[in-house]
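Engineer: One file is attached below, entry_35.pdb, containing PDB, C-alpha atoms, pLDDT in the B column.
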ATOM      1  CA  MET A  17      54.664  99.355 183.421  1.00 61.00           C
ATOM      2  CA  LYS A  18      55.493 101.881 186.134  1.00 71.00           C
ATOM      3  CA  GLN A  19      55.362 105.481 184.922  1.00 86.00           C
ATOM      4  CA  ASN A  20      58.453 107.621 185.457  1.00 94.00           C
ATOM      5  CA  TYR A  21      58.293 111.189 186.626  1.00 98.00           C
ATOM      6  CA  ILE A  22      60.257 112.544 183.654  1.00 98.00           C
ATOM      7  CA  SER A  23      61.785 111.419 180.374  1.00 98.00           C
ATOM      8  CA  ILE A  24      64.711 113.285 178.832  1.00 98.00           C
ATOM      9  CA  VAL A  25      64.993 112.897 175.055  1.00 98.00           C
ATOM     10  CA  ILE A  26      68.264 113.740 173.314  1.00 98.00           C
ATOM     11  CA  PRO A  27      68.467 113.696 169.503  1.00 98.00           C
ATOM     12  CA  ALA A  28      71.919 112.711 168.255  1.00 98.00           C
ATOM     13  CA  TYR A  29      73.542 112.603 164.828  1.00 97.00           C
ATOM     14  CA  ASN A  30      77.258 111.802 164.569  1.00 97.00           C
ATOM     15  CA  GLU A  31      77.946 113.088 168.074  1.00 98.00           C
ATOM     16  CA  GLU A  32      80.907 110.932 169.083  1.00 98.00           C
ATOM     17  CA  GLN A  33      82.813 114.065 170.135  1.00 97.00           C
ATOM     18  CA  ARG A  34      80.090 115.328 172.508  1.00 98.00           C
ATOM     19  CA  ILE A  35      77.810 112.486 173.581  1.00 98.00           C
ATOM     20  CA  SER A  36      79.978 111.178 176.430  1.00 98.00           C
ATOM     21  CA  LYS A  37      80.299 114.597 178.047  1.00 98.00           C
ATOM     22  CA  CYS A  38      76.553 115.081 177.689  1.00 98.00           C
ATOM     23  CA  LEU A  39      75.693 111.769 179.329  1.00 98.00           C
ATOM     24  CA  LEU A  40      78.188 112.241 182.146  1.00 98.00           C
ATOM     25  CA  SER A  41      76.646 115.623 182.977  1.00 98.00           C
ATOM     26  CA  LEU A  42      73.123 114.223 182.884  1.00 98.00           C
ATOM     27  CA  ASN A  43      74.028 111.227 185.011  1.00 98.00           C
ATOM     28  CA  GLU A  44      75.734 113.379 187.630  1.00 98.00           C
ATOM     29  CA  PHE A  45      72.645 115.585 187.963  1.00 98.00           C
ATOM     30  CA  MET A  46      69.881 112.997 187.643  1.00 97.00           C
ATOM     31  CA  ARG A  47      71.293 110.504 190.149  1.00 95.00           C
ATOM     32  CA  LYS A  48      70.868 113.184 192.844  1.00 97.00           C
ATOM     33  CA  GLN A  49      67.151 113.601 192.155  1.00 96.00           C
ATOM     34  CA  ASP A  50      64.510 111.850 194.244  1.00 95.00           C
ATOM     35  CA  TYR A  51      62.235 110.821 191.365  1.00 96.00           C
ATOM     36  CA  ASP A  52      62.187 108.079 188.726  1.00 97.00           C
ATOM     37  CA  TYR A  53      63.366 109.083 185.266  1.00 98.00           C
ATOM     38  CA  GLU A  54      64.602 107.791 181.952  1.00 98.00           C
ATOM     39  CA  VAL A  55      67.058 109.245 179.446  1.00 98.00           C
ATOM     40  CA  ILE A  56      66.443 108.375 175.804  1.00 98.00           C
ATOM     41  CA  VAL A  57      69.093 109.021 173.167  1.00 98.00           C
ATOM     42  CA  SER A  58      67.230 109.062 169.862  1.00 98.00           C
ATOM     43  CA  ASP A  59      69.943 108.425 167.305  1.00 98.00           C
ATOM     44  CA  ASP A  60      69.378 109.900 163.858  1.00 97.00           C
ATOM     45  CA  GLY A  61      71.235 107.312 161.790  1.00 97.00           C
ATOM     46  CA  SER A  62      74.732 108.136 163.019  1.00 97.00           C
ATOM     47  CA  THR A  63      77.619 106.677 161.033  1.00 97.00           C
ATOM     48  CA  ASP A  64      80.337 107.353 163.616  1.00 98.00           C
ATOM     49  CA  LYS A  65      80.774 105.849 167.109  1.00 98.00           C
ATOM     50  CA  THR A  66      77.791 107.606 168.725  1.00 98.00           C
ATOM     51  CA  ILE A  67      75.711 104.453 169.150  1.00 98.00           C
ATOM     52  CA  GLU A  68      78.674 102.439 170.392  1.00 98.00           C
ATOM     53  CA  LEU A  69      79.459 105.044 173.054  1.00 98.00           C
ATOM     54  CA  VAL A  70      75.866 105.253 174.248  1.00 98.00           C
ATOM     55  CA  GLU A  71      75.611 101.477 174.464  1.00 98.00           C
ATOM     56  CA  GLU A  72      78.671 101.439 176.711  1.00 98.00           C
ATOM     57  CA  PHE A  73      76.861 103.803 179.091  1.00 98.00           C
ATOM     58  CA  THR A  74      73.729 101.628 179.110  1.00 98.00           C
ATOM     59  CA  LYS A  75      75.692  98.730 180.618  1.00 97.00           C
ATOM     60  CA  GLU A  76      75.959 100.583 183.932  1.00 96.00           C
ATOM     61  CA  TRP A  77      73.166 103.148 183.641  1.00 97.00           C
ATOM     62  CA  LYS A  78      69.851 101.298 183.636  1.00 96.00           C
ATOM     63  CA  SER A  79      67.770 104.452 183.163  1.00 97.00           C
ATOM     64  CA  LEU A  80      69.480 105.154 179.833  1.00 98.00           C
ATOM     65  CA  LYS A  81      68.004 103.870 176.561  1.00 98.00           C
ATOM     66  CA  ILE A  82      68.858 104.291 172.905  1.00 98.00           C
ATOM     67  CA  ILE A  83      66.584 104.330 169.872  1.00 98.00           C
ATOM     68  CA  LYS A  84      68.170 103.672 166.489  1.00 98.00           C
ATOM     69  CA  ASN A  85      66.437 105.602 163.715  1.00 97.00           C
ATOM     70  CA  LYS A  86      67.192 106.028 160.045  1.00 97.00           C
ATOM     71  CA  HIS A  87      68.715 109.402 159.200  1.00 97.00           C
ATOM     72  CA  LYS A  88      65.777 111.753 158.663  1.00 96.00           C
ATOM     73  CA  GLY A  89      66.803 114.849 160.618  1.00 95.00           C
ATOM     74  CA  LYS A  90      66.526 116.258 164.116  1.00 95.00           C
ATOM     75  CA  ALA A  91      62.749 116.686 164.190  1.00 96.00           C
ATOM     76  CA  PRO A  92      61.857 113.063 163.318  1.00 97.00           C
ATOM     77  CA  ALA A  93      64.489 111.867 165.819  1.00 97.00           C
ATOM     78  CA  ILE A  94      62.909 113.917 168.594  1.00 97.00           C
ATOM     79  CA  ILE A  95      59.418 112.768 167.649  1.00 97.00           C
ATOM     80  CA  SER A  96      60.565 109.130 167.638  1.00 98.00           C
ATOM     81  CA  GLY A  97      62.052 109.560 171.091  1.00 98.00           C
ATOM     82  CA  ILE A  98      58.978 111.280 172.506  1.00 97.00           C
ATOM     83  CA  TYR A  99      56.590 108.560 171.357  1.00 97.00           C
ATOM     84  CA  ALA A 100      58.813 106.062 173.184  1.00 97.00           C
ATOM     85  CA  THR A 101      58.537 107.864 176.526  1.00 96.00           C
ATOM     86  CA  ASN A 102      56.743 106.566 179.585  1.00 91.00           C
ATOM     87  CA  SER A 103      56.641 109.507 181.986  1.00 97.00           C
ATOM     88  CA  LYS A 104      54.459 112.248 183.384  1.00 98.00           C
ATOM     89  CA  PHE A 105      56.698 114.899 181.865  1.00 98.00           C
ATOM     90  CA  THR A 106      59.059 114.967 178.870  1.00 98.00           C
ATOM     91  CA  LEU A 107      62.048 117.231 178.285  1.00 98.00           C
ATOM     92  CA  PHE A 108      63.995 117.365 175.076  1.00 98.00           C
ATOM     93  CA  THR A 109      67.428 118.905 175.033  1.00 98.00           C
ATOM     94  CA  ASP A 110      70.324 119.308 172.622  1.00 97.00           C
ATOM     95  CA  VAL A 111      73.359 117.095 173.044  1.00 97.00           C
ATOM     96  CA  ASP A 112      75.663 120.074 173.606  1.00 97.00           C
ATOM     97  CA  LEU A 113      73.699 121.000 176.752  1.00 97.00           C
ATOM     98  CA  SER A 114      74.049 124.662 175.821  1.00 97.00           C
ATOM     99  CA  VAL A 115      71.285 125.051 178.388  1.00 98.00           C
ATOM    100  CA  PRO A 116      72.727 123.070 181.320  1.00 98.00           C
ATOM    101  CA  ILE A 117      70.575 120.392 182.923  1.00 98.00           C
ATOM    102  CA  ILE A 118      70.675 122.309 186.212  1.00 98.00           C
ATOM    103  CA  GLU A 119      68.091 124.627 184.632  1.00 98.00           C
ATOM    104  CA  LEU A 120      65.534 121.792 184.602  1.00 98.00           C
ATOM    105  CA  PRO A 121      63.981 122.598 188.024  1.00 98.00           C
ATOM    106  CA  LYS A 122      63.049 126.073 186.757  1.00 98.00           C
ATOM    107  CA  LEU A 123      60.928 124.571 184.002  1.00 98.00           C
ATOM    108  CA  LEU A 124      59.486 121.826 186.204  1.00 98.00           C
ATOM    109  CA  ASN A 125      58.306 124.475 188.639  1.00 98.00           C
ATOM    110  CA  TRP A 126      56.047 126.022 186.003  1.00 98.00           C
ATOM    111  CA  VAL A 127      54.660 122.753 184.636  1.00 98.00           C
ATOM    112  CA  ASP A 128      54.406 120.623 187.779  1.00 97.00           C
ATOM    113  CA  GLU A 129      53.625 123.330 190.311  1.00 96.00           C
ATOM    114  CA  LYS A 130      51.998 126.249 188.501  1.00 97.00           C
ATOM    115  CA  GLY A 131      49.672 124.596 186.021  1.00 95.00           C
ATOM    116  CA  PHE A 132      51.378 125.259 182.702  1.00 98.00           C
ATOM    117  CA  ASP A 133      51.355 122.591 180.001  1.00 98.00           C
ATOM    118  CA  VAL A 134      54.582 123.635 178.293  1.00 98.00           C
ATOM    119  CA  ALA A 135      57.704 125.379 179.616  1.00 98.00           C
ATOM    120  CA  ILE A 136      60.358 126.476 177.120  1.00 98.00           C
ATOM    121  CA  ALA A 137      63.817 127.758 177.894  1.00 98.00           C
ATOM    122  CA  SER A 138      64.278 131.303 176.642  1.00 98.00           C
ATOM    123  CA  ARG A 139      67.421 133.286 175.926  1.00 97.00           C
ATOM    124  CA  GLU A 140      65.374 136.475 176.170  1.00 96.00           C
ATOM    125  CA  GLY A 141      63.809 138.261 179.112  1.00 92.00           C
ATOM    126  CA  VAL A 142      64.858 139.324 182.591  1.00 94.00           C
ATOM    127  CA  GLY A 143      67.358 136.874 184.030  1.00 94.00           C
ATOM    128  CA  ALA A 144      68.361 135.250 180.739  1.00 97.00           C
ATOM    129  CA  GLN A 145      72.029 135.131 179.772  1.00 96.00           C
ATOM    130  CA  ARG A 146      73.684 134.454 176.404  1.00 96.00           C
ATOM    131  CA  LEU A 147      77.337 133.507 176.769  1.00 96.00           C
ATOM    132  CA  ASN A 148      79.938 133.630 173.970  1.00 95.00           C
ATOM    133  CA  GLU A 149      77.371 134.167 171.214  1.00 95.00           C
ATOM    134  CA  PRO A 150      78.691 135.844 168.032  1.00 94.00           C
ATOM    135  CA  TYR A 151      76.938 139.106 167.220  1.00 93.00           C
ATOM    136  CA  MET A 152      75.804 137.982 163.768  1.00 92.00           C
ATOM    137  CA  ARG A 153      74.265 134.787 165.173  1.00 90.00           C
ATOM    138  CA  HIS A 154      72.318 136.832 167.701  1.00 93.00           C
ATOM    139  CA  LEU A 155      71.173 139.371 165.124  1.00 92.00           C
ATOM    140  CA  MET A 156      69.915 136.721 162.722  1.00 91.00           C
ATOM    141  CA  GLY A 157      68.117 134.974 165.568  1.00 92.00           C
ATOM    142  CA  ARG A 158      66.260 138.154 166.496  1.00 94.00           C
ATOM    143  CA  VAL A 159      65.282 138.800 162.860  1.00 94.00           C
ATOM    144  CA  PHE A 160      63.984 135.240 162.632  1.00 95.00           C
ATOM    145  CA  ASN A 161      61.976 135.670 165.828  1.00 96.00           C
ATOM    146  CA  LEU A 162      60.415 138.828 164.431  1.00 96.00           C
ATOM    147  CA  ILE A 163      59.214 136.808 161.428  1.00 96.00           C
ATOM    148  CA  VAL A 164      57.853 134.123 163.749  1.00 97.00           C
ATOM    149  CA  GLN A 165      55.970 136.621 165.900  1.00 97.00           C
ATOM    150  CA  VAL A 166      54.473 138.471 162.930  1.00 97.00           C
ATOM    151  CA  LEU A 167      53.310 135.322 161.127  1.00 96.00           C
ATOM    152  CA  VAL A 168      52.382 132.718 163.737  1.00 97.00           C
ATOM    153  CA  LEU A 169      53.408 133.162 167.379  1.00 97.00           C
ATOM    154  CA  PRO A 170      52.995 136.706 168.713  1.00 97.00           C
ATOM    155  CA  GLY A 171      54.356 137.096 172.225  1.00 97.00           C
ATOM    156  CA  ILE A 172      56.863 134.235 172.202  1.00 98.00           C
ATOM    157  CA  ASN A 173      60.360 135.674 172.155  1.00 97.00           C
ATOM    158  CA  ASP A 174      62.458 132.545 171.644  1.00 98.00           C
ATOM    159  CA  THR A 175      61.096 129.488 169.870  1.00 97.00           C
ATOM    160  CA  GLN A 176      64.437 127.907 168.943  1.00 95.00           C
ATOM    161  CA  CYS A 177      66.195 127.263 172.237  1.00 96.00           C
ATOM    162  CA  GLY A 178      66.643 123.492 172.392  1.00 95.00           C
ATOM    163  CA  PHE A 179      65.457 122.869 175.946  1.00 98.00           C
ATOM    164  CA  LYS A 180      61.692 122.342 176.234  1.00 98.00           C
ATOM    165  CA  LEU A 181      59.498 120.604 178.799  1.00 98.00           C
ATOM    166  CA  PHE A 182      55.969 119.272 178.302  1.00 98.00           C
ATOM    167  CA  LYS A 183      53.332 117.242 179.992  1.00 98.00           C
ATOM    168  CA  THR A 184      53.865 114.015 178.073  1.00 98.00           C
ATOM    169  CA  GLU A 185      50.236 113.597 177.060  1.00 98.00           C
ATOM    170  CA  VAL A 186      50.353 117.155 175.702  1.00 98.00           C
ATOM    171  CA  ILE A 187      53.448 116.752 173.513  1.00 98.00           C
ATOM    172  CA  LYS A 188      52.126 113.479 172.087  1.00 98.00           C
ATOM    173  CA  GLU A 189      48.843 115.154 171.185  1.00 97.00           C
ATOM    174  CA  ILE A 190      50.765 118.006 169.579  1.00 98.00           C
ATOM    175  CA  PHE A 191      52.827 115.658 167.420  1.00 97.00           C
ATOM    176  CA  ASP A 192      49.661 113.827 166.428  1.00 96.00           C
ATOM    177  CA  ARG A 193      48.698 117.073 164.659  1.00 96.00           C
ATOM    178  CA  THR A 194      51.952 118.471 163.278  1.00 97.00           C
ATOM    179  CA  VAL A 195      52.496 117.931 159.567  1.00 96.00           C
ATOM    180  CA  LEU A 196      55.884 119.361 158.545  1.00 96.00           C
ATOM    181  CA  TYR A 197      58.033 116.557 159.969  1.00 95.00           C
ATOM    182  CA  GLY A 198      57.442 113.067 161.330  1.00 92.00           C
ATOM    183  CA  ARG A 199      58.677 109.516 161.696  1.00 88.00           C
ATOM    184  CA  LYS A 200      57.468 108.659 158.183  1.00 89.00           C
ATOM    185  CA  ASP A 201      59.764 111.221 156.527  1.00 93.00           C
ATOM    186  CA  GLU A 202      62.198 110.003 153.881  1.00 93.00           C
ATOM    187  CA  GLU A 203      65.874 109.508 154.646  1.00 94.00           C
ATOM    188  CA  ILE A 204      68.185 112.462 153.996  1.00 93.00           C
ATOM    189  CA  LYS A 205      71.891 113.167 153.595  1.00 88.00           C
ATOM    190  CA  GLY A 206      73.872 115.425 155.915  1.00 82.00           C
ATOM    191  CA  ALA A 207      72.644 117.420 158.915  1.00 78.00           C
ATOM    192  CA  LYS A 208      69.302 119.195 158.773  1.00 78.00           C
ATOM    193  CA  VAL A 209      68.093 121.942 161.099  1.00 77.00           C
ATOM    194  CA  SER A 210      64.444 122.958 160.888  1.00 88.00           C
ATOM    195  CA  ALA A 211      61.872 125.206 162.531  1.00 92.00           C
ATOM    196  CA  PHE A 212      59.778 122.278 163.748  1.00 96.00           C
ATOM    197  CA  ASP A 213      59.730 124.039 167.145  1.00 97.00           C
ATOM    198  CA  VAL A 214      57.596 126.783 165.622  1.00 98.00           C
ATOM    199  CA  GLU A 215      54.968 124.363 164.327  1.00 98.00           C
ATOM    200  CA  MET A 216      55.011 122.461 167.606  1.00 98.00           C
ATOM    201  CA  LEU A 217      54.420 125.613 169.679  1.00 98.00           C
ATOM    202  CA  TYR A 218      51.839 126.906 167.218  1.00 98.00           C
ATOM    203  CA  VAL A 219      49.835 123.691 167.569  1.00 98.00           C
ATOM    204  CA  ALA A 220      50.171 123.870 171.369  1.00 98.00           C
ATOM    205  CA  LYS A 221      48.752 127.373 171.318  1.00 97.00           C
ATOM    206  CA  PHE A 222      46.063 126.381 168.800  1.00 97.00           C
ATOM    207  CA  LEU A 223      44.928 123.613 171.159  1.00 97.00           C
ATOM    208  CA  GLY A 224      44.733 126.078 174.029  1.00 98.00           C
ATOM    209  CA  TYR A 225      47.671 124.821 176.060  1.00 98.00           C
ATOM    210  CA  LYS A 226      49.436 127.202 178.432  1.00 98.00           C
ATOM    211  CA  ILE A 227      53.031 127.993 177.425  1.00 98.00           C
ATOM    212  CA  LYS A 228      55.598 129.592 179.740  1.00 98.00           C
ATOM    213  CA  GLU A 229      58.898 131.085 178.594  1.00 98.00           C
ATOM    214  CA  VAL A 230      61.535 130.599 181.280  1.00 98.00           C
ATOM    215  CA  PRO A 231      64.726 132.715 181.117  1.00 98.00           C
ATOM    216  CA  VAL A 232      67.870 130.565 181.324  1.00 98.00           C
ATOM    217  CA  THR A 233      71.613 130.758 180.940  1.00 98.00           C
ATOM    218  CA  TRP A 234      72.635 129.581 177.474  1.00 98.00           C
ATOM    219  CA  THR A 235      76.186 129.106 176.167  1.00 97.00           C
ATOM    220  CA  TYR A 236      76.977 129.228 172.456  1.00 95.00           C
ATOM    221  CA  ALA A 237      78.648 126.033 171.214  1.00 86.00           C
ATOM    222  CA  ASP A 238      81.247 126.786 168.540  1.00 73.00           C
ATOM    223  CA  ASN A 239      80.859 123.289 167.050  1.00 61.00           C
ATOM    224  CA  SER A 240      77.133 123.706 166.514  1.00 58.00           C
ATOM    225  CA  LYS A 241      75.657 122.176 163.336  1.00 57.00           C
ATOM    226  CA  VAL A 242      73.693 125.382 162.730  1.00 57.00           C
ATOM    227  CA  HIS A 243      74.687 127.299 159.573  1.00 60.00           C
ATOM    228  CA  ASN A 244      73.492 130.887 159.916  1.00 61.00           C
ATOM    229  CA  LEU A 245      72.468 131.796 156.357  1.00 69.00           C
ATOM    230  CA  LYS A 246      71.351 128.431 154.978  1.00 74.00           C
ATOM    231  CA  ASP A 247      69.410 127.379 158.057  1.00 79.00           C
ATOM    232  CA  SER A 248      67.823 130.809 158.483  1.00 81.00           C
ATOM    233  CA  TYR A 249      66.454 130.484 154.951  1.00 86.00           C
ATOM    234  CA  TYR A 250      65.012 127.004 155.498  1.00 88.00           C
ATOM    235  CA  ASN A 251      63.658 127.938 158.923  1.00 93.00           C
ATOM    236  CA  ALA A 252      61.885 130.973 157.467  1.00 93.00           C
ATOM    237  CA  LYS A 253      60.347 128.686 154.825  1.00 94.00           C
ATOM    238  CA  ASP A 254      59.069 126.418 157.593  1.00 96.00           C
ATOM    239  CA  VAL A 255      57.449 129.362 159.362  1.00 97.00           C
ATOM    240  CA  LEU A 256      55.683 130.355 156.160  1.00 97.00           C
ATOM    241  CA  ARG A 257      54.519 126.760 155.699  1.00 97.00           C
ATOM    242  CA  VAL A 258      53.041 126.763 159.202  1.00 97.00           C
ATOM    243  CA  ARG A 259      51.148 129.944 158.394  1.00 97.00           C
ATOM    244  CA  LEU A 260      49.817 128.511 155.134  1.00 97.00           C
ATOM    245  CA  ASN A 261      48.905 125.209 156.779  1.00 96.00           C
ATOM    246  CA  SER A 262      46.974 127.121 159.399  1.00 96.00           C
ATOM    247  CA  LEU A 263      45.064 129.093 156.778  1.00 96.00           C
ATOM    248  CA  ARG A 264      44.209 125.812 155.051  1.00 96.00           C
ATOM    249  CA  GLY A 265      42.875 124.373 158.308  1.00 96.00           C
ATOM    250  CA  LEU A 266      45.354 121.494 158.480  1.00 95.00           C
ATOM    251  CA  TYR A 267      45.689 121.710 162.261  1.00 95.00           C
ATOM    252  CA  LYS A 268      41.963 121.318 162.924  1.00 89.00           C
ATOM    253  CA  LYS A 269      41.866 117.546 162.412  1.00 71.00           C
TER     254      LYS A 269
END
Rewrite the structure from the file as structure tokens, please.

Structural biologist:
Amino acid sequence: MKQNYISIVIPAYNEEQRISKCLLSLNEFMRKQDYDYEVIVSDDGSTDKTIELVEEFTKEWKSLKIIKNKHKGKAPAIISGIYATNSKFTLFTDVDLSVPIIELPKLLNWVDEKGFDVAIASREGVGAQRLNEPYMRHLMGRVFNLIVQVLVLPGINDTQCGFKLFKTEVIKEIFDRTVLYGRKDEEIKGAKVSAFDVEMLYVAKFLGYKIKEVPVTWTYADNSKVHNLKDSYYNAKDVLRVRLNSLRGLYKK
């Protein structure tokens, strides 16, 4: 099978209100590129019309695929999509495209041209912009990042922005070692946001891979599934679990 240049993985759970806009934006941008690609919507057990809408797009868009998973949460959906990729590089992005796809060349520059293994979009640093973000959301995000830096990832200023690019062989090796979430997880009810990004980046750093934070323009989506207090609590628990797993040597397998 011919290898594509890049795969774009999009986790989706009950996204009938946003998936069409997302796919139209991606199609408009990607059809102008001079490389082979695939877009994979990794559905997380949606019960609305998400799958039906994506399947309509696949009739005309041959580079678009859909994976139908049981509802286990965002992290297992992303992992499922990544293991299905066949490309040199893999990007995963949120369906709201709060980081627009036009930012992709910035990340590709660091991974394809400058020798980095991982490039992550960052809402911090010179050149980054946060648009329409509520003050409390920003404050809680910075407190969370402080916890992350103290416990597991010093020097990385934004682990949670949902726009990350990897060499495909690298991200598959990383997910071979992560333990918090995976395709074998049990089914859940409702939406679930986690700090799987923290474990993923910790393992990347543990394995010696080079990570580059790339400042981007990010727009707050007012219909986000993130719940500030509840998700901050569970995310902080995940960070602590990563720290404890590291102390127990679980990432050395």

Engineer: For stretch 107-112 of chain A, work out the shell of residues within 9 Å, counting only C-alpha atoms and skipping chain neighbours fewer than 4 positions away, then give it as a ChimeraX atom specification.

Structural biologist: /A:22-28,31,34-35,37-39,94,97-98,116-117,120,177-184,237,239-240

Engineer: Given the selection you just returned, output its residues as a file containing C-alpha atoms, formatted as a CSV table (one decimal), in the coordinates of the input.

Structural biologist:
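Wrote selection-v5.csv, looks like this:
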chain,number,residue,atom,x,y,z
A,22,ILE,CA,60.3,112.5,183.7
A,23,SER,CA,61.8,111.4,180.4
A,24,ILE,CA,64.7,113.3,178.8
A,25,VAL,CA,65.0,112.9,175.1
A,26,ILE,CA,68.3,113.7,173.3
A,27,PRO,CA,68.5,113.7,169.5
A,28,ALA,CA,71.9,112.7,168.3
A,31,GLU,CA,77.9,113.1,168.1
A,34,ARG,CA,80.1,115.3,172.5
A,35,ILE,CA,77.8,112.5,173.6
A,37,LYS,CA,80.3,114.6,178.0
A,38,CYS,CA,76.6,115.1,177.7
A,39,LEU,CA,75.7,111.8,179.3
A,94,ILE,CA,62.9,113.9,168.6
A,97,GLY,CA,62.1,109.6,171.1
A,98,ILE,CA,59.0,111.3,172.5
A,116,PRO,CA,72.7,123.1,181.3
A,117,ILE,CA,70.6,120.4,182.9
A,120,LEU,CA,65.5,121.8,184.6
A,177,CYS,CA,66.2,127.3,172.2
A,178,GLY,CA,66.6,123.5,172.4
A,179,PHE,CA,65.5,122.9,175.9
A,180,LYS,CA,61.7,122.3,176.2
A,181,LEU,CA,59.5,120.6,178.8
A,182,PHE,CA,56.0,119.3,178.3
A,183,LYS,CA,53.3,117.2,180.0
A,184,THR,CA,53.9,114.0,178.1
A,237,ALA,CA,78.6,126.0,171.2
A,239,ASN,CA,80.9,123.3,167.0
A,240,SER,CA,77.1,123.7,166.5

Engineer: So, with only C-alpha atoms as the atoms that count, which of A:Arg264, A:Pro231, A:Asp192, A:Gln19 lies closest to A:Trp126?

Structural biologist: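 For A:Trp126, the nearest of the candidates is A:Pro231.
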
Engineer: Let me make sure I understand: among A:Ser103, A:Thr233, A:Ser41, A:Asn85, which one has the smallest atom-to-atom distance to A:Glu119 if we use all atoms listed in the file?

Structural biologist: A:Thr233

Engineer: Restricting the calculation to only C-alpha atoms, which member of A:Ile136, A:Ala211, A:Leu266, A:Val258 is positioned closest to A:Ile227?

Structural biologist: A:Ile136

Engineer: A:Gly141: which residues within 9 Å, counting only C-alpha atoms, same-chain residues fewer than 3 positions away excluded, as an MDAnalysis selection string?

Structural biologist: chainID A and resid 138 144:145 173 229:232

Engineer: Expressed in Å to a single decimal, how great is the separation between atom CA of A:Tyr99 and atom CA of A:Leu260?

Structural biologist: 26.6 Å

Engineer: Kindly output stretch 52-70 of chain A as a tab-separated table (two decimals), in the frame of the given file, after building N, CA and C atoms.

Structural biologist:
chain	number	residue	atom	x	y	z
A	52	ASP	N	61.84	109.02	189.79
A	52	ASP	CA	62.19	108.08	188.73
A	52	ASP	C	62.25	108.80	187.39
A	53	TYR	N	63.18	108.41	186.55
A	53	TYR	CA	63.37	109.08	185.27
A	53	TYR	C	63.92	108.10	184.25
A	54	GLU	N	63.91	108.52	183.00
A	54	GLU	CA	64.60	107.79	181.95
A	54	GLU	C	65.26	108.81	181.02
A	55	VAL	N	66.38	108.45	180.46
A	55	VAL	CA	67.06	109.24	179.45
A	55	VAL	C	67.04	108.45	178.16
A	56	ILE	N	66.55	109.06	177.09
A	56	ILE	CA	66.44	108.38	175.80
A	56	ILE	C	67.29	109.12	174.77
A	57	VAL	N	68.33	108.48	174.29
A	57	VAL	CA	69.09	109.02	173.17
A	57	VAL	C	68.43	108.51	171.89
A	58	SER	N	67.89	109.43	171.11
A	58	SER	CA	67.23	109.06	169.86
A	58	SER	C	68.21	109.33	168.72
A	59	ASP	N	68.89	108.27	168.31
A	59	ASP	CA	69.94	108.42	167.30
A	59	ASP	C	69.36	108.58	165.91
A	60	ASP	N	69.89	109.54	165.18
A	60	ASP	CA	69.38	109.90	163.86
A	60	ASP	C	70.25	109.30	162.75
A	61	GLY	N	70.47	107.99	162.84
A	61	GLY	CA	71.24	107.31	161.79
A	61	GLY	C	72.70	107.66	161.78
A	62	SER	N	73.31	107.79	162.94
A	62	SER	CA	74.73	108.14	163.02
A	62	SER	C	75.60	107.09	162.33
A	63	THR	N	76.68	107.57	161.70
A	63	THR	CA	77.62	106.68	161.03
A	63	THR	C	78.97	106.64	161.73
A	64	ASP	N	79.09	107.36	162.85
A	64	ASP	CA	80.34	107.35	163.62
A	64	ASP	C	80.16	106.43	164.83
A	65	LYS	N	80.81	106.73	165.94
A	65	LYS	CA	80.77	105.85	167.11
A	65	LYS	C	79.73	106.27	168.15
A	66	THR	N	78.79	107.13	167.76
A	66	THR	CA	77.79	107.61	168.72
A	66	THR	C	77.05	106.46	169.39
A	67	ILE	N	76.50	105.56	168.60
A	67	ILE	CA	75.71	104.45	169.15
A	67	ILE	C	76.56	103.57	170.05
A	68	GLU	N	77.77	103.28	169.60
A	68	GLU	CA	78.67	102.44	170.39
A	68	GLU	C	78.96	103.07	171.76
A	69	LEU	N	79.17	104.37	171.79
A	69	LEU	CA	79.46	105.04	173.05
A	69	LEU	C	78.25	105.03	173.99
A	70	VAL	N	77.07	105.27	173.42
A	70	VAL	CA	75.87	105.25	174.25
A	70	VAL	C	75.63	103.85	174.81
